[in-house]
Amino acid sequence: MRREIPIAITLIVGLTMLLSNFVDVPLGSEYSLKSLASELGGWVIIISAFAVGLASVNLVRIHSNHIRRRSSNWIYSVLLLVFLVGWTVMGILEFHNPESEALRTFSQNMFNSILSSLGAAMFALVALYLASAANRAFRVRNLDAAILLGATLIMMLGRAPVGALIWDKFPVMADWMLSVPNNVGQRAIMIGAAIGAFATSLRILLGIERGHLGSE
Amino acid sequence: MSFLQNMDRRIIYIFMLLLVSIPLIKPLGIPIEINYMTQEVYDMMDSLQPGDRVLFSINYDPTSAPDIHPQAVIVLRHLMQKGVKVAMVTFSASGPNIVEQLILPYEQEGKVYGEDFVNLGFIAGGETAIRNFGRDIIGTAKADYRGANLNSIPMLQDIVDARDFELVYVFHGYNPGVQEWVRQVQGALNINLVAGVVMVSVPEVMPFFTSGQIAGMLQGLRGAAEYELLLGQPGSAVAKMDAQSLGHLVIIFFVIVGNIAFFLEKKNAKK
């Protein structure tokens, strides 16, 4: 029964979500198949929100241990906990005082000057790593690498305004590469992956695939 | 030759830093051609009428913001100037603050929260949340980011599902984003979907554009710069395009240097 009940729940929920996309069947006076599917979707939202809370608790547990044991870089764990708690307290205060302009401005300034700036810095670092990696690793060792390099150069020059200054056909070539070879490859991958996902979903719904239920 | 093949990364970093910084301080004014996709999106936005309602789905966070946020800024400016009402929802945990960043200048200008724009906040649940939200907006979001019941928001009166907006504009930094909107909402409700996409995700979103499931697409910072030019209000995206051009040239330069050194070394080894 420890296996049969979860498989039955998976089958019922999966079929409800699947069929609700195609038909609507009344289920008693208040519910229909579509409203039931919507209700189940609501549960997913609640569980996901709960998972965010659970992840925070886990973070606190792991980083408290780091601090207690004075593991390497434990000072970063202190910083993380300070900001985690600080941000949570600020969020709660803001939620309970929606009219407070001061709280909203403070929270927004924290976001703009800390999170936004750090995020932009992380994004900018990619350019530096790319330049370094391009010098060290991008070698024309064989025909495949030559094709890859050629495509990369066309895309880079076709997408940056300077490319059109060098040769006005670079943007045209980049558009063609995106619309034709890229589309063909992407569609093949997407359709293949979708068929694979459908087959796996069917295996889970029918109880053939049981990995998600854990070991015996 | 091995020096050129494995150049000290600090030299590369200094090169990159200098060449990217100079145009940010003193723009070079490299002309920017308008891509047909940007023109299509601009025309679509320009055809909206005062009072029309548009939904923004903000699916990016501060790490992808440098490439996509300028798009949201300029498209929102265009819509605000036209008197279009914009509701914004996010499926990214740091999204609500990005929305607050976007609407703050208009609140200071005197536009009214709840009438001209609204922040519907973050909804957890990824693809399932997008599905439920697209099909039952009030029932899924229930309250806005500032705690007000959605039934009390004037601009959301009569809104049931995503079809009640003239169009849905998805700003895609990462998943869940455009693909989830196409799968769960566009296909089911046949809504008018427009996408703003970080440059790195353009190839994976492109098939939805050519199939017509996405009515229009802006590509990364370049798309924002082109839109700023079409609107006649060049801003931060246009200013950054010179830096992007030089950044691309630096990378290409180092690829060429590395390969010349590689071939010369191979030639010497044969001798």
# chains A, B, ... in the order shown; residues from 1 in each chain; ligands from 1
$ closest_atom_pairs --of "chain A" --to "chain B" --cutoff "7 Å" --atoms "only C-alpha atoms" --output "tab-separated table"
residue	atom	partner	partner_atom	distance
A:Ser38	CA	B:Asn132	CA	6.3
A:Gly41	CA	B:Thr128	CA	6.0
A:Val44	CA	B:Gly125	CA	6.1
A:Ile45	CA	B:Gly125	CA	4.6
A:Ser48	CA	B:Gly125	CA	5.0
A:Ala49	CA	B:Ala124	CA	5.4
A:Phe95	CA	B:Gly147	CA	6.7
A:Pro98	CA	B:Arg146	CA	5.5
A:Gln108	CA	B:Asn97	CA	6.5
A:Phe111	CA	B:Asn97	CA	6.9
A:Leu115	CA	B:Pro62	CA	6.6
A:Ser116	CA	B:Pro62	CA	4.9
A:Gly119	CA	B:Thr63	CA	4.0
A:Ala120	CA	B:Thr63	CA	5.6
A:Met122	CA	B:Thr63	CA	6.4
A:Phe123	CA	B:Thr63	CA	5.6
A:Leu128	CA	B:Tyr13	CA	5.7
A:Ala131	CA	B:Ile251	CA	4.8
A:Ser132	CA	B:Arg9	CA	5.8
A:Ala134	CA	B:Val255	CA	5.2
A:Asn135	CA	B:Phe254	CA	4.9
A:Arg136	CA	B:Asn6	CA	5.5
A:Phe138	CA	B:Val255	CA	6.3
A:Arg139	CA	B:Asn259	CA	5.7
A:Val140	CA	B:Asn259	CA	6.8
A:Met156	CA	B:His248	CA	6.3
A:Ala160	CA	B:Ser245	CA	5.0
A:Pro161	CA	B:Ile32	CA	5.3
A:Val162	CA	B:Ser245	CA	5.4
A:Leu178	CA	B:Pro203	CA	6.3
A:Asn182	CA	B:Pro203	CA	6.4
A:Asn183	CA	B:Pro207	CA	5.4
A:Gln186	CA	B:Glu204	CA	6.3
A:Arg187	CA	B:Pro207	CA	6.6
$ write_last_selection --atoms "N, CA and C atoms" --output "mmCIF file, in the first residue's frame"
data_model
loop_
_atom_site.group_PDB
_atom_site.id
_atom_site.type_symbol
_atom_site.label_atom_id
_atom_site.label_comp_id
_atom_site.auth_asym_id
_atom_site.auth_seq_id
_atom_site.Cartn_x
_atom_site.Cartn_y
_atom_site.Cartn_z
ATOM 1 N N SER A 38 -7.553 23.707 -11.647
ATOM 2 C CA SER A 38 -7.127 25.023 -11.171
ATOM 3 C C SER A 38 -6.814 24.966 -9.676
ATOM 4 N N GLY A 41 -3.558 23.309 -9.184
ATOM 5 C CA GLY A 41 -2.492 24.267 -9.524
ATOM 6 C C GLY A 41 -2.222 25.205 -8.358
ATOM 7 N N VAL A 44 0.025 23.674 -5.907
ATOM 8 C CA VAL A 44 1.442 23.725 -6.314
ATOM 9 C C VAL A 44 2.060 25.064 -5.907
ATOM 10 N N ILE A 45 1.279 26.142 -6.089
ATOM 11 C CA ILE A 45 1.786 27.474 -5.727
ATOM 12 C C ILE A 45 2.073 27.532 -4.224
ATOM 13 N N SER A 48 5.128 25.440 -3.443
ATOM 14 C CA SER A 48 6.345 26.125 -3.902
ATOM 15 C C SER A 48 6.725 27.243 -2.949
ATOM 16 N N ALA A 49 5.715 27.995 -2.490
ATOM 17 C CA ALA A 49 5.992 29.084 -1.546
ATOM 18 C C ALA A 49 6.544 28.499 -0.249
ATOM 19 N N PHE A 95 5.227 44.582 4.626
ATOM 20 C CA PHE A 95 3.932 43.964 4.330
ATOM 21 C C PHE A 95 2.860 44.449 5.299
ATOM 22 N N PRO A 98 1.799 48.832 4.712
ATOM 23 C CA PRO A 98 1.850 49.159 3.277
ATOM 24 C C PRO A 98 1.837 50.657 2.990
ATOM 25 N N GLN A 108 13.663 49.684 -1.027
ATOM 26 C CA GLN A 108 14.004 49.834 -2.443
ATOM 27 C C GLN A 108 15.446 50.313 -2.615
ATOM 28 N N PHE A 111 17.730 47.420 -2.162
ATOM 29 C CA PHE A 111 17.708 46.572 -3.366
ATOM 30 C C PHE A 111 18.539 47.211 -4.483
ATOM 31 N N LEU A 115 21.697 44.709 -4.141
ATOM 32 C CA LEU A 115 21.424 43.543 -5.005
ATOM 33 C C LEU A 115 21.582 43.870 -6.488
ATOM 34 N N SER A 116 21.044 45.018 -6.904
ATOM 35 C CA SER A 116 21.135 45.381 -8.327
ATOM 36 C C SER A 116 22.589 45.571 -8.744
ATOM 37 N N GLY A 119 24.438 42.254 -8.810
ATOM 38 C CA GLY A 119 23.982 41.463 -9.958
ATOM 39 C C GLY A 119 24.621 41.948 -11.250
ATOM 40 N N ALA A 120 24.661 43.279 -11.430
ATOM 41 C CA ALA A 120 25.269 43.851 -12.635
ATOM 42 C C ALA A 120 26.760 43.516 -12.684
ATOM 43 N N MET A 122 28.242 40.860 -11.390
ATOM 44 C CA MET A 122 28.378 39.441 -11.757
ATOM 45 C C MET A 122 28.214 39.267 -13.269
ATOM 46 N N PHE A 123 27.235 39.991 -13.829
ATOM 47 C CA PHE A 123 26.965 39.911 -15.264
ATOM 48 C C PHE A 123 28.170 40.422 -16.055
ATOM 49 N N LEU A 128 34.815 39.451 -18.965
ATOM 50 C CA LEU A 128 36.245 39.256 -18.696
ATOM 51 C C LEU A 128 36.628 37.777 -18.852
ATOM 52 N N ALA A 131 36.674 36.786 -22.571
ATOM 53 C CA ALA A 131 37.849 37.244 -23.307
ATOM 54 C C ALA A 131 39.040 36.349 -22.992
ATOM 55 N N SER A 132 39.215 36.021 -21.719
ATOM 56 C CA SER A 132 40.337 35.172 -21.308
ATOM 57 C C SER A 132 40.192 33.765 -21.896
ATOM 58 N N ALA A 134 38.488 32.921 -24.527
ATOM 59 C CA ALA A 134 38.612 32.980 -25.986
ATOM 60 C C ALA A 134 40.070 32.880 -26.390
ATOM 61 N N ASN A 135 40.934 33.526 -25.638
ATOM 62 C CA ASN A 135 42.366 33.504 -25.959
ATOM 63 C C ASN A 135 42.976 32.129 -25.699
ATOM 64 N N ARG A 136 42.527 31.453 -24.654
ATOM 65 C CA ARG A 136 43.164 30.200 -24.265
ATOM 66 C C ARG A 136 42.592 28.966 -24.959
ATOM 67 N N PHE A 138 39.823 28.817 -27.615
ATOM 68 C CA PHE A 138 39.134 28.806 -28.905
ATOM 69 C C PHE A 138 40.128 28.590 -30.038
ATOM 70 N N ARG A 139 40.496 27.346 -30.306
ATOM 71 C CA ARG A 139 41.516 27.038 -31.316
ATOM 72 C C ARG A 139 40.891 26.326 -32.525
ATOM 73 N N VAL A 140 41.365 26.698 -33.727
ATOM 74 C CA VAL A 140 40.871 26.018 -34.927
ATOM 75 C C VAL A 140 41.701 24.746 -35.110
ATOM 76 N N MET A 156 28.735 37.479 -33.429
ATOM 77 C CA MET A 156 29.227 38.595 -32.602
ATOM 78 C C MET A 156 29.258 39.890 -33.408
ATOM 79 N N ALA A 160 26.598 43.208 -32.853
ATOM 80 C CA ALA A 160 27.144 44.474 -32.336
ATOM 81 C C ALA A 160 27.105 45.510 -33.468
ATOM 82 N N PRO A 161 26.743 46.759 -33.154
ATOM 83 C CA PRO A 161 26.645 47.780 -34.212
ATOM 84 C C PRO A 161 27.918 47.928 -35.036
ATOM 85 N N VAL A 162 29.078 47.653 -34.419
ATOM 86 C CA VAL A 162 30.334 47.833 -35.143
ATOM 87 C C VAL A 162 30.444 46.858 -36.328
ATOM 88 N N LEU A 178 20.254 32.821 -37.375
ATOM 89 C CA LEU A 178 19.266 32.656 -36.301
ATOM 90 C C LEU A 178 17.973 32.039 -36.827
ATOM 91 N N ASN A 182 19.741 27.797 -36.905
ATOM 92 C CA ASN A 182 19.395 27.754 -35.476
ATOM 93 C C ASN A 182 17.995 27.205 -35.266
ATOM 94 N N ASN A 183 17.021 27.706 -36.061
ATOM 95 C CA ASN A 183 15.642 27.255 -35.889
ATOM 96 C C ASN A 183 15.510 25.760 -36.132
ATOM 97 N N GLN A 186 17.094 24.001 -33.105
ATOM 98 C CA GLN A 186 16.299 24.191 -31.879
ATOM 99 C C GLN A 186 14.999 23.405 -31.936
ATOM 100 N N ARG A 187 14.332 23.433 -33.108
ATOM 101 C CA ARG A 187 13.058 22.700 -33.233
ATOM 102 C C ARG A 187 13.275 21.214 -33.044
#
$ residues_around --residues "A:Ser107" --least-positions-apart "6" --cutoff "9 Å" --atoms "only C-alpha atoms" --output "list in words"
Trp87, Met90, Gly91 and Glu94 of chain A; Asn97 of chain B
$ atom_distance --atom1 "atom CA of B:Lys85" --atom2 "atom CA of B:Phe117"
5.6 Å
$ residues_around --residues "A:Ser77" --least-positions-apart "5" --cutoff "10 Å" --atoms "only C-alpha atoms" --output "PyMOL selection string"
chain A and resi 59-60+62-67+70-72+82-83
$ write_last_selection --atoms "N, CA and C atoms" --output "mmCIF file, in the first residue's frame"
data_model
loop_
_atom_site.group_PDB
_atom_site.id
_atom_site.type_symbol
_atom_site.label_atom_id
_atom_site.label_comp_id
_atom_site.auth_asym_id
_atom_site.auth_seq_id
_atom_site.Cartn_x
_atom_site.Cartn_y
_atom_site.Cartn_z
ATOM 1 N N LEU A 59 19.091 27.032 4.875
ATOM 2 C CA LEU A 59 20.240 27.958 4.787
ATOM 3 C C LEU A 59 20.705 28.360 6.188
ATOM 4 N N VAL A 60 19.742 28.703 7.046
ATOM 5 C CA VAL A 60 20.079 29.131 8.409
ATOM 6 C C VAL A 60 20.796 27.996 9.139
ATOM 7 N N ILE A 62 22.512 25.352 7.888
ATOM 8 C CA ILE A 62 23.847 25.054 7.348
ATOM 9 C C ILE A 62 24.851 26.143 7.733
ATOM 10 N N HIS A 63 24.442 27.392 7.591
ATOM 11 C CA HIS A 63 25.405 28.478 7.853
ATOM 12 C C HIS A 63 25.615 28.707 9.345
ATOM 13 N N SER A 64 24.613 28.358 10.165
ATOM 14 C CA SER A 64 24.835 28.426 11.620
ATOM 15 C C SER A 64 25.893 27.414 12.008
ATOM 16 N N ASN A 65 25.838 26.237 11.397
ATOM 17 C CA ASN A 65 26.857 25.200 11.662
ATOM 18 C C ASN A 65 28.240 25.682 11.246
ATOM 19 N N HIS A 66 28.318 26.339 10.071
ATOM 20 C CA HIS A 66 29.614 26.880 9.600
ATOM 21 C C HIS A 66 30.198 27.825 10.635
ATOM 22 N N ILE A 67 29.325 28.683 11.175
ATOM 23 C CA ILE A 67 29.805 29.695 12.127
ATOM 24 C C ILE A 67 30.243 29.019 13.425
ATOM 25 N N ARG A 70 33.443 27.372 13.017
ATOM 26 C CA ARG A 70 34.491 28.263 12.494
ATOM 27 C C ARG A 70 35.149 27.653 11.258
ATOM 28 N N SER A 71 34.331 27.118 10.339
ATOM 29 C CA SER A 71 34.897 26.539 9.109
ATOM 30 C C SER A 71 35.487 27.674 8.269
ATOM 31 N N SER A 72 36.202 27.281 7.193
ATOM 32 C CA SER A 72 36.864 28.312 6.398
ATOM 33 C C SER A 72 35.803 29.259 5.812
ATOM 34 N N VAL A 82 23.013 37.645 8.382
ATOM 35 C CA VAL A 82 22.611 39.025 8.719
ATOM 36 C C VAL A 82 21.659 39.558 7.653
ATOM 37 N N PHE A 83 22.044 39.359 6.381
ATOM 38 C CA PHE A 83 21.200 39.890 5.306
ATOM 39 C C PHE A 83 19.903 39.098 5.167
#
$ closest_residue --among "B:Tyr227, B:Tyr106, B:Phe56, B:Tyr113" --to "B:Phe165" --atoms "only C-alpha atoms"
B:Phe56
$ closest_residue --among "A:Asp175, A:Val13, A:Leu18, A:Thr105" --to "B:Met37" --atoms "only C-alpha atoms"
A:Asp175
$ decode --residues "stretch 154-245 of chain B" --atoms "C-alpha atoms" --output "JSON list (two decimals), in the first residue's frame"
[["chain", "number", "residue", "atom", "x", "y", "z"],
["B", 154, "PRO", "CA", -9.48, 50.27, -10.59],
["B", 155, "MET", "CA", -7.40, 49.22, -13.61],
["B", 156, "LEU", "CA", -8.09, 45.52, -12.96],
["B", 157, "GLN", "CA", -11.88, 45.80, -13.06],
["B", 158, "ASP", "CA", -13.41, 43.19, -15.41],
["B", 159, "ILE", "CA", -10.10, 41.33, -15.71],
["B", 160, "VAL", "CA", -10.60, 37.57, -15.64],
["B", 161, "ASP", "CA", -7.74, 36.03, -17.59],
["B", 162, "ALA", "CA", -4.80, 37.00, -19.81],
["B", 163, "ARG", "CA", -7.14, 37.53, -22.78],
["B", 164, "ASP", "CA", -8.49, 40.66, -21.11],
["B", 165, "PHE", "CA", -5.18, 42.44, -21.74],
["B", 166, "GLU", "CA", -4.45, 43.84, -25.19],
["B", 167, "LEU", "CA", -1.16, 42.01, -25.03],
["B", 168, "VAL", "CA", 1.12, 40.19, -22.62],
["B", 169, "TYR", "CA", 4.77, 41.23, -22.68],
["B", 170, "VAL", "CA", 7.15, 38.66, -21.18],
["B", 171, "PHE", "CA", 10.61, 39.91, -20.21],
["B", 172, "HIS", "CA", 12.67, 36.74, -20.23],
["B", 173, "GLY", "CA", 15.96, 36.50, -18.33],
["B", 174, "TYR", "CA", 15.69, 32.80, -17.53],
["B", 175, "ASN", "CA", 13.08, 30.09, -17.08],
["B", 176, "PRO", "CA", 10.22, 30.22, -16.26],
["B", 177, "GLY", "CA", 9.70, 32.69, -19.08],
["B", 178, "VAL", "CA", 8.59, 32.80, -22.68],
["B", 179, "GLN", "CA", 8.40, 29.04, -23.28],
["B", 180, "GLU", "CA", 6.19, 28.51, -20.23],
["B", 181, "TRP", "CA", 3.88, 31.36, -21.29],
["B", 182, "VAL", "CA", 3.61, 29.87, -24.79],
["B", 183, "ARG", "CA", 3.00, 26.34, -23.48],
["B", 184, "GLN", "CA", 0.53, 27.13, -20.72],
["B", 185, "VAL", "CA", -1.27, 30.31, -21.74],
["B", 186, "GLN", "CA", -0.70, 31.41, -25.33],
["B", 187, "GLY", "CA", -1.60, 28.05, -26.81],
["B", 188, "ALA", "CA", -4.64, 27.56, -24.60],
["B", 189, "LEU", "CA", -6.09, 31.09, -24.71],
["B", 190, "ASN", "CA", -4.61, 32.38, -27.98],
["B", 191, "ILE", "CA", -3.34, 35.60, -26.40],
["B", 192, "ASN", "CA", -1.22, 38.25, -28.09],
["B", 193, "LEU", "CA", 2.25, 37.49, -26.66],
["B", 194, "VAL", "CA", 5.36, 39.65, -27.08],
["B", 195, "ALA", "CA", 8.78, 38.73, -25.74],
["B", 196, "GLY", "CA", 11.79, 40.69, -24.58],
["B", 197, "VAL", "CA", 14.66, 38.25, -24.32],
["B", 198, "VAL", "CA", 18.24, 38.35, -23.02],
["B", 199, "MET", "CA", 20.57, 37.97, -26.00],
["B", 200, "VAL", "CA", 21.85, 34.58, -24.88],
["B", 201, "SER", "CA", 18.31, 33.12, -24.91],
["B", 202, "VAL", "CA", 17.35, 34.47, -28.35],
["B", 203, "PRO", "CA", 18.26, 31.23, -30.20],
["B", 204, "GLU", "CA", 15.99, 29.09, -27.99],
["B", 205, "VAL", "CA", 13.06, 31.53, -28.24],
["B", 206, "MET", "CA", 13.46, 32.12, -32.00],
["B", 207, "PRO", "CA", 11.36, 29.08, -33.10],
["B", 208, "PHE", "CA", 8.33, 30.49, -31.24],
["B", 209, "PHE", "CA", 8.75, 33.78, -33.07],
["B", 210, "THR", "CA", 8.99, 32.24, -36.54],
["B", 211, "SER", "CA", 6.00, 29.99, -35.78],
["B", 212, "GLY", "CA", 3.91, 33.07, -34.91],
["B", 213, "GLN", "CA", 3.27, 32.01, -31.30],
["B", 214, "ILE", "CA", 5.15, 35.13, -30.25],
["B", 215, "ALA", "CA", 3.90, 38.21, -32.08],
["B", 216, "GLY", "CA", 7.14, 40.15, -31.59],
["B", 217, "MET", "CA", 10.56, 39.91, -29.98],
["B", 218, "LEU", "CA", 13.14, 42.38, -28.69],
["B", 219, "GLN", "CA", 16.68, 41.05, -28.46],
["B", 220, "GLY", "CA", 18.72, 41.97, -25.38],
["B", 221, "LEU", "CA", 20.34, 45.34, -24.84],
["B", 222, "ARG", "CA", 20.57, 45.87, -28.60],
["B", 223, "GLY", "CA", 16.78, 45.63, -28.87],
["B", 224, "ALA", "CA", 16.41, 48.23, -26.12],
["B", 225, "ALA", "CA", 18.85, 50.58, -27.88],
["B", 226, "GLU", "CA", 16.96, 50.25, -31.17],
["B", 227, "TYR", "CA", 13.66, 50.88, -29.37],
["B", 228, "GLU", "CA", 15.09, 54.01, -27.70],
["B", 229, "LEU", "CA", 16.08, 55.30, -31.15],
["B", 230, "LEU", "CA", 12.65, 54.52, -32.62],
["B", 231, "LEU", "CA", 11.01, 56.37, -29.75],
["B", 232, "GLY", "CA", 13.39, 59.28, -30.33],
["B", 233, "GLN", "CA", 14.63, 59.10, -26.74],
["B", 234, "PRO", "CA", 18.17, 57.67, -26.76],
["B", 235, "GLY", "CA", 19.10, 56.60, -23.24],
["B", 236, "SER", "CA", 21.24, 54.18, -21.30],
["B", 237, "ALA", "CA", 20.93, 51.30, -23.80],
["B", 238, "VAL", "CA", 22.19, 53.40, -26.73],
["B", 239, "ALA", "CA", 25.07, 54.63, -24.57],
["B", 240, "LYS", "CA", 26.07, 51.05, -23.74],
["B", 241, "MET", "CA", 26.05, 49.79, -27.33],
["B", 242, "ASP", "CA", 29.43, 51.38, -28.14],
["B", 243, "ALA", "CA", 30.90, 49.57, -25.14],
["B", 244, "GLN", "CA", 29.33, 46.31, -26.33],
["B", 245, "SER", "CA", 30.80, 46.79, -29.81]]
